[in-house]
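Trainee: Handing you a structure now.
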Amino acid sequence: MKEIRKFSLDSLSETEAMNLIGSSDRNLRILSECLGKEISYRDGTFIIPGADDEETETVRRVLTTLLQLVRKNRQVLDQDVIYAYRQIEKNEDVDYEEMSKLVIGRTMSGKAISPKTRGQLAFVRAMEDNAIVFAVGPAGTGKTYLAVVRAVTALKKGDVKRIVLTRPAVEAGENLGFLPGDLKEKVDPYLTPLYDALHDMLGNEQTEKLMERGTIEVAPLAYMRGRTLNDAYVILDEAQNTTTAQMKMFLTRLGFHSRMVITGDITQIDLSHNTASGLVEAARILQGMRDIAVLELTADDVVRHPLVQKIIERYSQEENHQGGKQR
C-alpha cells in the first residue's frame, strides 16, 4: 500500500488556494506531470500518494514559490509551474519578482509580456544593451517571440523606423523547389512564428497595414545582399542554416541606429554535412566583442509542455552518446 504524504501551506486562504491550484486544478495537474505522481488538494491540505520526503518537499517549495505570484495578483501560468518545478528540483531559487518587473511589451489585449526564465531575462537585457545579440537555444525557449516583441516595442516608441524579419531559404526536410510562387512566397510559410508574434502584438489588420507600407518587411536572407539597414530592428531567424558567407553578409548590413537579433538552434542544422553553420562560426568569432552579446538558452528555458523539455534532454543525451562513440 502506497504511503500518502500530506502538507499545508501557512496562512493560505481559500481564495489564494483556488488561484494557486488553477481552474479545474490545472496547475496541480501540470505539477503532477512534472513530478510523475498525482497531487490533489482538499480542505486546505495537499495530498501526494506514493511520494517520498524529498518529492514532498519539492512540491511544497514549488507551491510556496508560486504563491508569491498569487499574492501579487498575477495569474499562475503553465510555464510558471514548469519552470518553478525544474529550478527547485535542482535546488535553485526562483525570483519571479525580478522577472515580472521587466515588462518588454504588451499584447493587443494589454497583457504584459515579461521573461519567464533566467535565460530569457538575460536575453531581454542583452537586447536592451547591445547592437547585435545572438540567441542560441532549442525550440520553445521564446527566442523568436521575445525578439519580435522587443522589435515591435522599439517601433512603437520610435526608436526605429521599421522592422525587418528574415531567414535563410534552406529546406528542413521539405523541398522548397516544388512549392508555388517566387522565393519570398516559398519562404513565407516558414516564417509563421514571426507572423504569429506580430499578430499577437499588433493584431492582424495593423500587421498587414504596416507590411503594405514597408514599415514591417519580411524577406528571405538573399534579399538582404547589397543593402544597408539604417533605423531598423532586424531579426534573423533559423540562423543555424546560414553559411559563414551568408552570416558575414547579413551582419555587415547593420546600419546606424539599428539593432540585430540572430536566433537559431544549432541542434537542428539542415545544411549539408560539409557546410559549416554561419551561426556557430559567428558565435565563436564574435564572442566577447563590445556591443555584441552571445546568449545560450537551454532546456531549462523551454516554456512549453513538460514533455518538450524531456524530449530535448533525451535527444541531447543520445547525441552526446553517439558523439562519444565516434571519438
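Ordering of the C-alpha cells sets the chain letters (A, B, ...); residue numbers start at 1 within each chain; ligands are numbered from 1 in the order shown.
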Any chance you could list, as a PyMOL selection string, the residues in stretch 99-323 of chain A that come up strand (DSSP E or B) when DSSP is run on the backbone?

Mentor: chain A and resi 105-106+112-113+132-136+162-167+216-220+229+232-236+254+259-264+292-296

Trainee: May I have a table of the residues of stretch 96-143 of chain A lying at most 10 Å from stretch 62-80 of chain A, giving each one's closest pair of atoms and their distance in Å to one decimal, counting only C-alpha atoms, ordered by chain and ascending residue number, as a tab-separated table?

Mentor:
residue	atom	partner	partner_atom	distance
A:Tyr96	CA	A:Leu69	CA	7.3
A:Glu97	CA	A:Leu69	CA	8.0
A:Ser100	CA	A:Arg74	CA	9.2
A:Lys116	CA	A:Asp80	CA	7.0
A:Thr117	CA	A:Asp80	CA	8.7

Trainee: Keeping C-alpha atoms for every residue in the selection just given, could you write it to a file as a PDB file, in the first residue's frame?

Mentor:
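again_37.pdb, freshly written:
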ATOM      1  CA  TYR A  96       9.621  35.809 -10.171  1.00  0.00           C
ATOM      2  CA  GLU A  97       9.544  39.358  -8.826  1.00  0.00           C
ATOM      3  CA  SER A 100       7.816  40.178 -13.721  1.00  0.00           C
ATOM      4  CA  LYS A 116       9.688  33.674 -17.778  1.00  0.00           C
ATOM      5  CA  THR A 117      13.109  32.192 -17.031  1.00  0.00           C
TER       6      THR A 117
END

Trainee: Skipping near chain neighbours, those fewer than 6 positions away, what residues fall within 12 Å of A:Thr192 using only C-alpha atoms, listed as a short mmCIF file (atom, residue, chain, number, x, y, z; two decimals) with N, CA and C atoms, in the first residue's frame?

Mentor:
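Result saved to selection_7.cif:
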data_model
loop_
_atom_site.label_atom_id
_atom_site.label_comp_id
_atom_site.auth_asym_id
_atom_site.auth_seq_id
_atom_site.Cartn_x
_atom_site.Cartn_y
_atom_site.Cartn_z
N THR A 144 12.44 33.62 -30.63
CA THR A 144 11.81 34.37 -31.71
C THR A 144 10.74 35.31 -31.18
N TYR A 145 9.90 34.82 -30.29
CA TYR A 145 8.79 35.62 -29.78
C TYR A 145 9.31 36.86 -29.06
N LEU A 165 12.34 41.29 -40.94
CA LEU A 165 12.36 39.90 -40.49
C LEU A 165 12.85 39.03 -41.64
N THR A 166 13.82 38.18 -41.37
CA THR A 166 14.38 37.37 -42.45
C THR A 166 14.81 36.00 -41.93
N ARG A 167 15.01 35.10 -42.86
CA ARG A 167 15.56 33.77 -42.54
C ARG A 167 16.14 33.17 -43.82
N LEU A 198 3.88 38.88 -34.38
CA LEU A 198 3.43 40.19 -34.84
C LEU A 198 1.93 40.35 -34.62
N HIS A 199 1.16 39.33 -34.98
CA HIS A 199 -0.30 39.38 -34.81
C HIS A 199 -0.67 39.49 -33.34
N VAL A 218 9.21 41.47 -44.52
CA VAL A 218 9.54 40.06 -44.34
C VAL A 218 10.15 39.57 -45.65
N ASP A 237 16.00 34.81 -38.19
CA ASP A 237 15.52 33.60 -37.53
C ASP A 237 16.07 32.36 -38.24
N GLU A 238 16.12 31.25 -37.52
CA GLU A 238 16.65 29.99 -38.08
C GLU A 238 18.08 30.18 -38.60
#

Trainee: DSSP on the backbone: what in stretch 51-90 of chain A comes out alpha helix (DSSP H), as a ChimeraX atom specification?

Mentor: /A:53-70,78-89

Trainee: Near A:Phe250, within 8 Å and counting only C-alpha atoms, which residues show up once chain neighbours fewer than 5 positions away are dropped, as a ChimeraX atom specification?

Mentor: /A:221,224-225

Trainee: Go through A:Leu194, A:Met249, A:Ala147, A:Leu307 one by one, measure the shortest atom-to-atom distance of each to A:Leu35 using only C-alpha atoms, and give the residue with the smallest value.

Mentor: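 Of A:Leu194, A:Met249, A:Ala147, A:Leu307, the one nearest A:Leu35 is A:Leu307, counting only C-alpha atoms.
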
Trainee: I need the residue nearest A:Lys111 from this list: A:Glu92, A:Met201, A:Ile48, A:Arg60. Use only C-alpha atoms for the distance.

Mentor: A:Met201

Trainee: I want to know what sits within 12 Å of A:Asp43, based on only C-alpha atoms, with residues of the same chain fewer than 6 positions away left out; could you give that as a list of chain:residue names?

Mentor: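 Contacts, in chain order: A:Lys6, A:Phe7, A:Ser8, A:Leu9, A:Leu12, A:Ser13, A:Glu14, A:Ala17, A:Met18.
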
Trainee: For A:Pro49, find every residue with an atom within 7 Å (counting only C-alpha atoms), except residues of its own chain fewer than 5 positions away, and show them as a PyMOL selection string.

Mentor: chain A and resi 2-5+38

Trainee: Just give me the gap between atom CA of A:Arg29 and atom CA of A:Gly140 in Å, one decimal is fine.

Mentor: 20.4 Å

Trainee: With only C-alpha atoms as the atoms that count, which of A:Arg253, A:Lys248, A:His321, A:Arg314 lies nearest to A:Ile285?

Mentor: A:Lys248

Trainee: Show me, as a PyMOL selection string, the residues that have an atom within 12 Å of A:Met211 when counting only C-alpha atoms, minus same-chain residues fewer than 5 positions from it.

Mentor: chain A and resi 162-165+195+198-199+202+204-206+216-219

Trainee: Would you work out the distance separating atom CA of A:Val81 from atom CA of A:Gly36, expressed in Å to one decimal?

Mentor: 14.1 Å
